[in-house]
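Student: Sending over query-v4.txt (compact mmCIF, C-alpha atoms and all ligand atoms).
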```
# COMPACT_ATOMS: atom_id res chain seq x y z
CA MET P 2 42.75 -46.05 139.18
CA THR P 3 45.20 -43.24 138.50
CA ALA P 4 48.27 -43.41 140.67
CA SER P 5 50.68 -40.77 139.44
CA ASN P 6 53.30 -43.13 138.04
CA LYS P 7 51.13 -46.11 137.21
CA LEU P 8 47.91 -46.51 135.33
CA ILE P 9 45.89 -49.69 134.96
CA ILE P 10 43.38 -49.65 132.11
CA THR P 11 41.31 -52.13 130.12
CA ARG P 12 43.44 -53.50 127.30
CA PRO P 13 43.07 -51.09 124.34
CA ASP P 14 42.38 -51.68 120.64
CA ASP P 15 43.81 -49.92 117.59
CA TRP P 16 41.01 -48.79 115.27
CA HIS P 17 43.28 -47.84 112.33
CA LEU P 18 46.40 -49.81 111.44
CA HIS P 19 48.58 -50.77 108.47
CA VAL P 20 50.60 -53.98 108.79
CA ARG P 21 51.33 -54.53 105.05
CA ASP P 22 51.68 -58.13 103.86
CA HIS P 23 53.81 -61.26 103.49
CA LYS P 24 57.41 -60.89 104.75
CA PHE P 25 56.60 -57.58 106.47
CA LEU P 26 53.84 -58.91 108.73
CA SER P 27 55.98 -60.69 111.30
CA SER P 28 58.18 -57.60 111.74
CA VAL P 29 55.38 -55.26 112.81
CA LEU P 30 52.59 -57.42 114.26
CA PRO P 31 54.30 -58.16 117.62
CA HIS P 32 54.37 -54.43 118.45
CA THR P 33 50.62 -54.21 117.97
CA ALA P 34 49.70 -57.54 119.56
CA ASP P 35 51.83 -56.80 122.65
CA ARG P 36 49.65 -53.75 123.35
CA PHE P 37 46.27 -54.20 121.71
CA THR P 38 43.68 -56.99 121.67
CA ARG P 39 42.19 -56.01 118.33
CA ALA P 40 43.14 -53.82 115.40
CA ILE P 41 41.27 -52.60 112.34
CA MET P 42 43.43 -53.77 109.44
CA MET P 43 43.55 -51.29 106.62
CA PRO P 44 42.95 -52.87 103.17
CA ASN P 45 45.33 -50.70 101.08
CA LEU P 46 47.66 -53.48 100.04
CA VAL P 47 49.44 -53.26 96.70
CA GLU P 48 46.57 -55.46 95.46
CA PRO P 49 43.78 -53.99 97.60
CA VAL P 50 41.48 -56.15 99.73
CA THR P 51 38.29 -55.62 97.76
CA THR P 52 36.31 -58.78 98.58
CA VAL P 53 35.43 -60.92 101.58
CA LYS P 54 37.44 -63.75 100.04
CA LEU P 55 40.57 -61.60 99.82
CA ALA P 56 39.95 -60.36 103.38
CA SER P 57 39.72 -63.95 104.61
CA GLU P 58 43.03 -64.86 102.92
CA TYR P 59 44.71 -61.72 104.27
CA ARG P 60 43.39 -62.50 107.75
CA ASP P 61 44.90 -66.00 107.55
CA ARG P 62 48.28 -64.56 106.56
CA ILE P 63 48.11 -62.14 109.51
CA ILE P 64 47.27 -64.90 111.97
CA ASP P 65 50.03 -67.11 110.55
CA ALA P 66 52.54 -64.30 111.09
CA LEU P 67 51.56 -63.65 114.72
CA PRO P 68 53.87 -64.86 117.49
CA ALA P 69 52.56 -68.06 119.12
CA ILE P 70 51.55 -66.25 122.35
CA HIS P 71 49.21 -63.94 120.42
CA LYS P 72 47.76 -66.40 117.90
CA LEU P 73 44.73 -67.26 119.99
CA THR P 74 44.21 -63.89 121.63
CA PHE P 75 44.85 -61.19 119.02
CA ASP P 76 41.88 -60.49 116.77
CA PRO P 77 42.54 -58.85 113.38
CA LEU P 78 39.39 -56.93 112.40
CA MET P 79 39.26 -56.95 108.62
CA THR P 80 38.07 -54.24 106.23
CA LEU P 81 37.17 -54.02 102.55
CA TYR P 82 38.56 -51.46 100.10
CA LEU P 83 35.75 -49.61 98.34
CA THR P 84 35.98 -49.10 94.59
CA ASN P 85 33.61 -47.63 91.98
CA ARG P 86 32.76 -51.23 91.12
CA THR P 87 32.20 -52.75 94.57
CA ASN P 88 29.09 -54.91 94.41
CA ALA P 89 26.41 -54.21 97.04
CA SER P 90 26.04 -58.00 97.48
CA GLU P 91 29.55 -58.07 99.02
CA ILE P 92 28.18 -56.16 102.02
CA LYS P 93 25.81 -58.91 103.09
CA LYS P 94 28.71 -61.39 102.74
CA ALA P 95 30.83 -59.09 104.88
CA ARG P 96 28.26 -59.00 107.64
CA GLU P 97 27.78 -62.79 107.49
CA SER P 98 31.55 -63.42 107.58
CA GLY P 99 31.82 -62.17 111.17
CA PHE P 100 35.39 -60.99 110.53
CA VAL P 101 34.85 -58.06 108.13
CA HIS P 102 33.95 -55.07 110.27
CA ALA P 103 34.10 -52.05 107.97
CA VAL P 104 34.59 -50.70 104.46
CA LYS P 105 37.26 -48.10 103.69
CA TRP P 106 36.71 -45.19 101.32
CA TYR P 107 39.98 -43.95 99.84
CA PRO P 108 39.40 -41.14 97.35
CA ALA P 109 41.43 -42.33 94.32
CA GLY P 110 44.94 -40.87 94.54
CA ALA P 111 44.60 -39.50 98.10
CA THR P 112 47.31 -41.62 99.75
CA THR P 113 49.46 -44.79 99.67
CA ASN P 114 47.98 -47.51 97.40
CA SER P 115 44.78 -45.57 96.78
CA SER P 116 44.89 -45.45 92.98
CA LYS P 117 42.20 -48.13 92.77
CA GLY P 118 40.01 -46.27 95.26
CA VAL P 119 36.84 -44.30 94.63
CA SER P 120 36.72 -41.67 91.90
CA ASP P 121 32.92 -41.37 91.98
CA ILE P 122 31.27 -41.82 95.36
CA VAL P 123 27.80 -41.51 93.79
CA ALA P 124 28.53 -44.78 91.94
CA CYS P 125 28.85 -46.36 95.40
CA TYR P 126 25.49 -45.18 96.78
CA ASP P 127 23.93 -48.65 96.53
CA VAL P 128 26.86 -50.03 98.53
CA LEU P 129 26.51 -47.30 101.17
CA GLU P 130 22.77 -48.10 101.36
CA ALA P 131 23.58 -51.78 101.97
CA MET P 132 26.17 -50.84 104.62
CA ALA P 133 23.64 -48.68 106.47
CA GLU P 134 21.22 -51.63 106.39
CA GLU P 135 23.78 -54.17 107.59
CA GLY P 136 25.30 -51.84 110.20
CA ILE P 137 28.77 -51.89 108.57
CA PRO P 138 30.70 -48.67 109.20
CA LEU P 139 32.21 -46.57 106.41
CA LEU P 140 35.80 -45.56 107.24
CA VAL P 141 36.75 -42.37 105.46
CA HIS P 142 40.10 -41.03 104.33
CA GLY P 143 38.85 -37.47 104.31
CA GLU P 144 40.94 -35.49 101.85
CA VAL P 145 40.10 -34.12 98.42
CA THR P 146 42.53 -35.10 95.68
CA ASP P 147 42.24 -31.97 93.53
CA PRO P 148 45.85 -30.80 93.06
CA ASN P 149 44.61 -27.21 92.94
CA VAL P 150 43.50 -27.40 96.57
CA ASP P 151 46.27 -26.50 99.02
CA ILE P 152 47.47 -29.68 100.77
CA PHE P 153 46.81 -28.16 104.21
CA ASP P 154 43.18 -27.44 103.25
CA ARG P 155 42.30 -30.81 101.75
CA GLU P 156 40.58 -32.18 104.85
CA ARG P 157 38.44 -29.07 105.37
CA VAL P 158 37.44 -28.97 101.69
CA PHE P 159 36.58 -32.69 101.78
CA ILE P 160 34.17 -32.02 104.65
CA GLU P 161 32.41 -29.34 102.63
CA GLN P 162 32.45 -31.11 99.26
CA PHE P 163 31.77 -34.71 100.32
CA LEU P 164 31.41 -35.65 103.94
CA GLU P 165 28.58 -33.36 105.00
CA GLY P 166 26.55 -34.63 102.03
CA ILE P 167 27.20 -38.30 102.80
CA ILE P 168 26.25 -37.85 106.46
CA LYS P 169 23.06 -36.04 105.43
CA ASN P 170 22.10 -38.53 102.68
CA PHE P 171 22.82 -41.61 104.83
CA PRO P 172 21.74 -40.78 108.38
CA GLU P 173 21.67 -44.47 109.33
CA LEU P 174 25.20 -45.14 108.07
CA LYS P 175 27.94 -45.37 110.68
CA VAL P 176 30.84 -43.18 109.55
CA VAL P 177 34.34 -43.06 111.04
CA PHE P 178 36.26 -39.99 109.95
CA GLU P 179 39.76 -41.51 110.07
CA HIS P 180 42.90 -39.83 111.42
CA ILE P 181 41.36 -36.38 111.77
CA THR P 182 43.84 -33.52 111.69
CA THR P 183 41.88 -30.28 111.92
CA ALA P 184 39.61 -28.31 114.24
CA ASP P 185 37.13 -28.37 111.33
CA ALA P 186 36.96 -32.17 111.51
CA VAL P 187 36.52 -32.12 115.28
CA LYS P 188 33.65 -29.68 114.86
CA LEU P 189 31.94 -31.79 112.19
CA VAL P 190 32.12 -34.92 114.34
CA GLU P 191 30.88 -33.10 117.43
CA LYS P 192 27.89 -31.58 115.68
CA SER P 193 26.87 -34.78 113.83
CA GLY P 194 24.65 -37.51 115.26
CA PRO P 195 25.82 -40.58 117.20
CA ASN P 196 26.57 -42.51 113.98
CA VAL P 197 29.59 -40.31 113.26
CA GLY P 198 32.87 -40.89 115.08
CA ALA P 199 36.58 -40.28 114.47
CA THR P 200 39.98 -41.80 115.11
CA ILE P 201 42.91 -39.65 116.21
CA THR P 202 46.58 -40.60 115.85
CA ALA P 203 49.25 -39.95 118.46
CA HIS P 204 51.55 -38.24 115.96
CA HIS P 205 48.94 -35.63 115.01
CA MET P 206 48.64 -34.78 118.72
CA LEU P 207 52.42 -34.73 119.33
CA LEU P 208 53.62 -32.76 116.31
CA ASN P 209 52.56 -29.78 114.29
CA ARG P 210 53.64 -29.03 110.73
CA ASN P 211 56.85 -27.32 111.84
CA ALA P 212 58.14 -30.85 112.56
CA LEU P 213 58.30 -31.43 108.80
CA PHE P 214 60.96 -28.77 108.41
CA GLN P 215 62.87 -28.87 111.68
CA GLY P 216 66.40 -27.89 110.57
CA GLY P 217 65.84 -29.54 107.18
CA ILE P 218 63.24 -31.72 105.50
CA ARG P 219 62.08 -34.56 107.74
CA PRO P 220 60.69 -37.44 105.69
CA HIS P 221 59.86 -39.48 108.80
CA HIS P 222 57.36 -36.83 109.86
CA TYR P 223 55.56 -36.98 106.53
CA CYS P 224 52.19 -38.70 106.55
CA LEU P 225 48.76 -38.14 105.09
CA PRO P 226 46.76 -36.24 106.05
CA VAL P 227 49.84 -34.05 106.50
CA LEU P 228 50.58 -32.51 109.92
CA LYS P 229 48.73 -29.26 110.48
CA ARG P 230 49.34 -26.02 112.39
CA GLU P 231 49.41 -25.75 116.19
CA THR P 232 45.80 -24.61 116.63
CA HIS P 233 44.64 -27.85 115.01
CA ARG P 234 46.94 -30.01 117.12
CA LYS P 235 45.46 -28.42 120.23
CA ALA P 236 41.91 -29.02 118.99
CA LEU P 237 42.70 -32.73 118.53
CA ILE P 238 44.08 -33.05 122.07
CA LYS P 239 41.02 -31.32 123.44
CA ALA P 240 38.70 -33.70 121.56
CA ALA P 241 40.61 -36.86 122.52
CA THR P 242 40.84 -35.95 126.20
CA SER P 243 37.28 -34.62 126.44
CA GLY P 244 35.73 -37.98 127.26
CA ASN P 245 33.40 -37.58 124.25
CA LYS P 246 32.52 -41.11 123.11
CA LYS P 247 32.80 -40.18 119.42
CA PHE P 248 36.61 -40.02 119.51
CA PHE P 249 38.79 -43.10 119.75
CA LEU P 250 42.30 -44.43 119.29
CA GLY P 251 43.60 -45.22 115.80
CA THR P 252 47.38 -45.13 115.45
CA ASP P 253 47.48 -45.10 111.63
CA SER P 254 50.87 -46.68 112.16
CA ALA P 255 52.05 -46.98 108.55
CA PRO P 256 55.45 -48.66 108.09
CA HIS P 257 57.54 -48.05 104.99
CA THR P 258 61.09 -49.13 104.26
CA LYS P 259 63.81 -46.63 105.19
CA HIS P 260 64.84 -46.11 101.59
CA THR P 261 61.31 -45.39 100.31
CA LYS P 262 60.91 -42.68 102.97
CA GLU P 263 64.43 -41.21 102.58
CA ASN P 264 63.91 -40.59 98.92
CA ALA P 265 63.49 -37.74 96.43
CA CYS P 266 59.81 -38.65 96.45
CA GLY P 267 59.31 -40.15 99.92
CA CYS P 268 56.26 -42.21 100.89
CA ALA P 269 53.62 -40.96 103.32
CA GLY P 270 53.29 -42.80 106.62
CA ILE P 271 54.68 -42.76 110.17
CA TYR P 272 55.44 -45.94 112.12
CA THR P 273 54.23 -45.70 115.75
CA SER P 274 53.26 -49.27 116.71
CA HIS P 275 56.33 -49.57 119.01
CA GLY P 276 54.66 -46.91 121.20
CA GLY P 277 51.08 -47.70 120.21
CA ILE P 278 49.59 -46.94 123.64
CA GLU P 279 52.58 -45.33 125.40
CA LEU P 280 52.56 -42.25 123.16
CA TYR P 281 48.89 -41.65 123.97
CA ALA P 282 49.64 -42.02 127.71
CA GLU P 283 52.25 -39.29 127.28
CA ILE P 284 49.74 -37.00 125.55
CA PHE P 285 46.97 -37.58 128.09
CA ASP P 286 49.44 -37.18 130.96
CA LYS P 287 50.66 -33.84 129.63
CA ALA P 288 47.04 -32.72 129.22
CA GLU P 289 46.35 -33.82 132.82
CA ALA P 290 43.70 -36.17 131.51
CA LEU P 291 45.08 -39.64 132.26
CA ASP P 292 41.68 -40.46 133.76
CA LYS P 293 40.17 -40.15 130.23
CA LEU P 294 42.67 -42.45 128.49
CA GLU P 295 40.73 -45.65 129.09
CA LYS P 296 37.57 -44.27 127.47
CA PHE P 297 39.48 -43.09 124.41
CA ALA P 298 41.71 -46.15 124.06
CA SER P 299 39.54 -49.02 125.31
CA PHE P 300 35.82 -48.13 125.48
CA ASN P 301 34.75 -45.68 122.78
CA GLY P 302 35.99 -47.78 119.85
CA PRO P 303 34.22 -51.05 120.67
CA ASP P 304 31.10 -49.16 121.74
CA PHE P 305 30.98 -47.39 118.37
CA TYR P 306 31.56 -50.61 116.40
CA GLY P 307 29.04 -52.52 118.52
CA LEU P 308 31.69 -54.96 119.79
CA PRO P 309 32.26 -56.04 123.40
CA ARG P 310 34.85 -54.18 125.45
CA ASN P 311 37.99 -56.14 126.31
CA ARG P 312 38.12 -57.74 129.74
CA GLU P 313 41.87 -57.93 130.38
CA LYS P 314 43.86 -55.03 131.81
CA ILE P 315 47.26 -53.53 131.03
CA THR P 316 49.55 -51.52 133.26
CA LEU P 317 51.22 -48.36 132.03
CA THR P 318 54.19 -47.08 133.99
CA ARG P 319 55.91 -43.73 133.83
CA LYS P 320 59.30 -45.08 132.83
CA LYS P 321 61.57 -44.01 129.98
CA VAL P 322 62.33 -46.59 127.31
CA PRO P 323 64.85 -45.99 124.52
CA ILE P 324 63.62 -46.22 120.94
CA PRO P 325 66.04 -47.79 118.42
CA GLU P 326 67.16 -45.95 115.30
CA VAL P 327 65.57 -48.66 113.14
CA PHE P 328 63.49 -51.80 113.42
CA PRO P 329 63.92 -54.78 111.08
CA PHE P 330 61.20 -54.68 108.42
CA GLY P 331 61.11 -57.82 106.28
CA ASP P 332 64.68 -57.99 104.97
CA GLU P 333 64.92 -54.20 105.16
CA GLU P 334 64.57 -51.53 107.86
CA CYS P 335 61.87 -49.19 109.08
CA VAL P 336 62.64 -45.93 110.91
CA PRO P 337 60.19 -45.57 113.81
CA PHE P 338 58.62 -42.44 115.22
CA ARG P 339 61.12 -40.63 117.50
CA ALA P 340 63.96 -42.92 116.34
CA GLY P 341 66.90 -42.79 118.74
CA GLY P 342 64.75 -41.01 121.33
CA GLU P 343 62.57 -42.24 124.18
CA LEU P 344 59.09 -43.30 125.08
CA LEU P 345 58.12 -41.62 128.36
CA TRP P 346 55.74 -44.41 129.39
CA SER P 347 56.16 -48.15 129.22
CA ILE P 348 53.83 -51.15 129.37
CA GLY P 349 53.98 -53.83 132.02
C1 LIG L 1 49.11 -44.70 104.98
C2 LIG L 1 49.91 -45.84 104.36
O1 LIG L 1 51.13 -45.70 104.21
O2 LIG L 1 49.32 -46.86 104.02
N1 LIG L 1 49.92 -43.51 104.98
C3 LIG L 1 49.77 -42.41 105.77
O3 LIG L 1 50.50 -41.43 105.55
N2 LIG L 1 48.89 -42.38 106.74
C4 LIG L 1 47.83 -44.52 104.27
C5 LIG L 1 46.84 -43.59 104.94
O4 LIG L 1 46.28 -43.93 105.99
O5 LIG L 1 46.63 -42.48 104.42
ZN ZN L 2 45.97 -45.13 107.46
```
Take the structure in the file and write it out as structure tokens.
Ligand code: NCD
Ligand code: ZN

Tutor:
Amino acid sequence: MTASNKLIITRPDDWHLHVRDHKFLSSVLPHTADRFTRAIMMPNLVEPVTTVKLASEYRDRIIDALPAIHKLTFDPLMTLYLTNRTNASEIKKARESGFVHAVKWYPAGATTNSSKGVSDIVACYDVLEAMAEEGIPLLVHGEVTDPNVDIFDRERVFIEQFLEGIIKNFPELKVVFEHITTADAVKLVEKSGPNVGATITAHHMLLNRNALFQGGIRPHHYCLPVLKRETHRKALIKAATSGNKKFFLGTDSAPHTKHTKENACGCAGIYTSHGGIELYAEIFDKAEALDKLEKFASFNGPDFYGLPRNREKITLTRKKVPIPEVFPFGDEECVPFRAGGELLWSIG
């Protein structure tokens, strides 16, 4: 399978993605649909996707915005946004819908559009119980929101204060620790049972926190959870390339307009969909683990979610492709990861 300059793998899926809404959808969806068959659509819209009805409407808008060639083949996997007031009855509806595949726990105030998220997870215990029963995974943004906790420690403290307890109290609940950024998170996932998995972004494996301050402040390297120190970056690469079935691909590609990032108070989020699989090929290649890419990108995710693996294949070629300075984003612009630079691998 692995020729040195060419790699053919089962078509991958993206298990953590933001595509926003309305006029923005058609700008970003082609990047994802050109590479992936399915993507877990994050529900943190300005008006969050809190019910199956809202998820159905959002799904329709996504499908409408897809290019014709992808309309019948790309499958948006929808999620619900958990709040203190989510009704446990919504979980049964989610399971019956066939298109809602998970529920996302944003601690209130942790990240973009999370103000309506959960401020009291205990108030959600009946919902978590229902999710365990229905086999619906809980997707976790794992950072505490206490401003007194150092921003680089918020993931580790979340593990201690919340996640270990949830995993212990709900052993039947499937939990995906999203966009993990620390060796502590890797360790938690490794030591937990088979119901606990994690997504890993490309940018957290390509950059450490120095990238935020490289010759000046770099708003396009700012995301949440924030980039961590080199030891953590190495731990993530080791986990992703280990072949362990608990770790899978989730880009957390999170587009924002240029002016809201290049701002006195810039938004969190890095746009990587233009290199959604290519950046991972680069990482696995450098780690001499290209033979593990297919498991991470195409097998572990569907296996964890209990969905079939894709049948089609894609070809990745070691060939440099220039990355533009900006992509159109609605009637504005979005600055992509490595703007003006190159992807080292290409598809097709
Ligand atoms: C995401 C976004 O912009 O929606 N931002 C980010 O920095 N990753 C939200 C999130 O996943 O935290
Ligand atoms: Zn995200």

Student: Pick out the residues no farther than 6 Å from ligand LIG 1 (chain L), counting only C-alpha atoms and all ligand atoms, and list them as a ChimeraX atom specification.

Tutor: /P:19,112-113,224-225,253,255,269-270

Student: Stretch 133-136 of chain P: which residues within 12 Å, counting all atoms listed in the file, same-chain residues fewer than 2 positions away excluded, as an MDAnalysis selection string?

Tutor: chainID P and resid 89:97 99 101:104 126:131 138:139 167:168 170:176 196 305:308

Student: Can you tell me which residues surround P:Lys320 at a distance of at most 9 Å, considering all atoms listed in the file, apart from same-chain residues fewer than 5 positions away, and format the answer as a VMD selection string?

Tutor: chain P and resid 6 344 to 348

Student: Tell me which of P:Arg210, P:His142, P:Lys72, P:Arg319 sits closest to ligand ZN 2 (chain L), counting all atoms listed in the file.

Tutor: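 Between P:Arg210, P:His142, P:Lys72, P:Arg319, the residue approaching ligand ZN 2 (chain L) most closely is P:His142.
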
Student: Within 12 Å of P:Asn114, counting all atoms listed in the file, which residues qualify if same-chain residues fewer than 2 places away don't, as a PyMOL selection string?

Tutor: chain P and resi 19+21+43-50+82+107-112+116-119+255+268-270
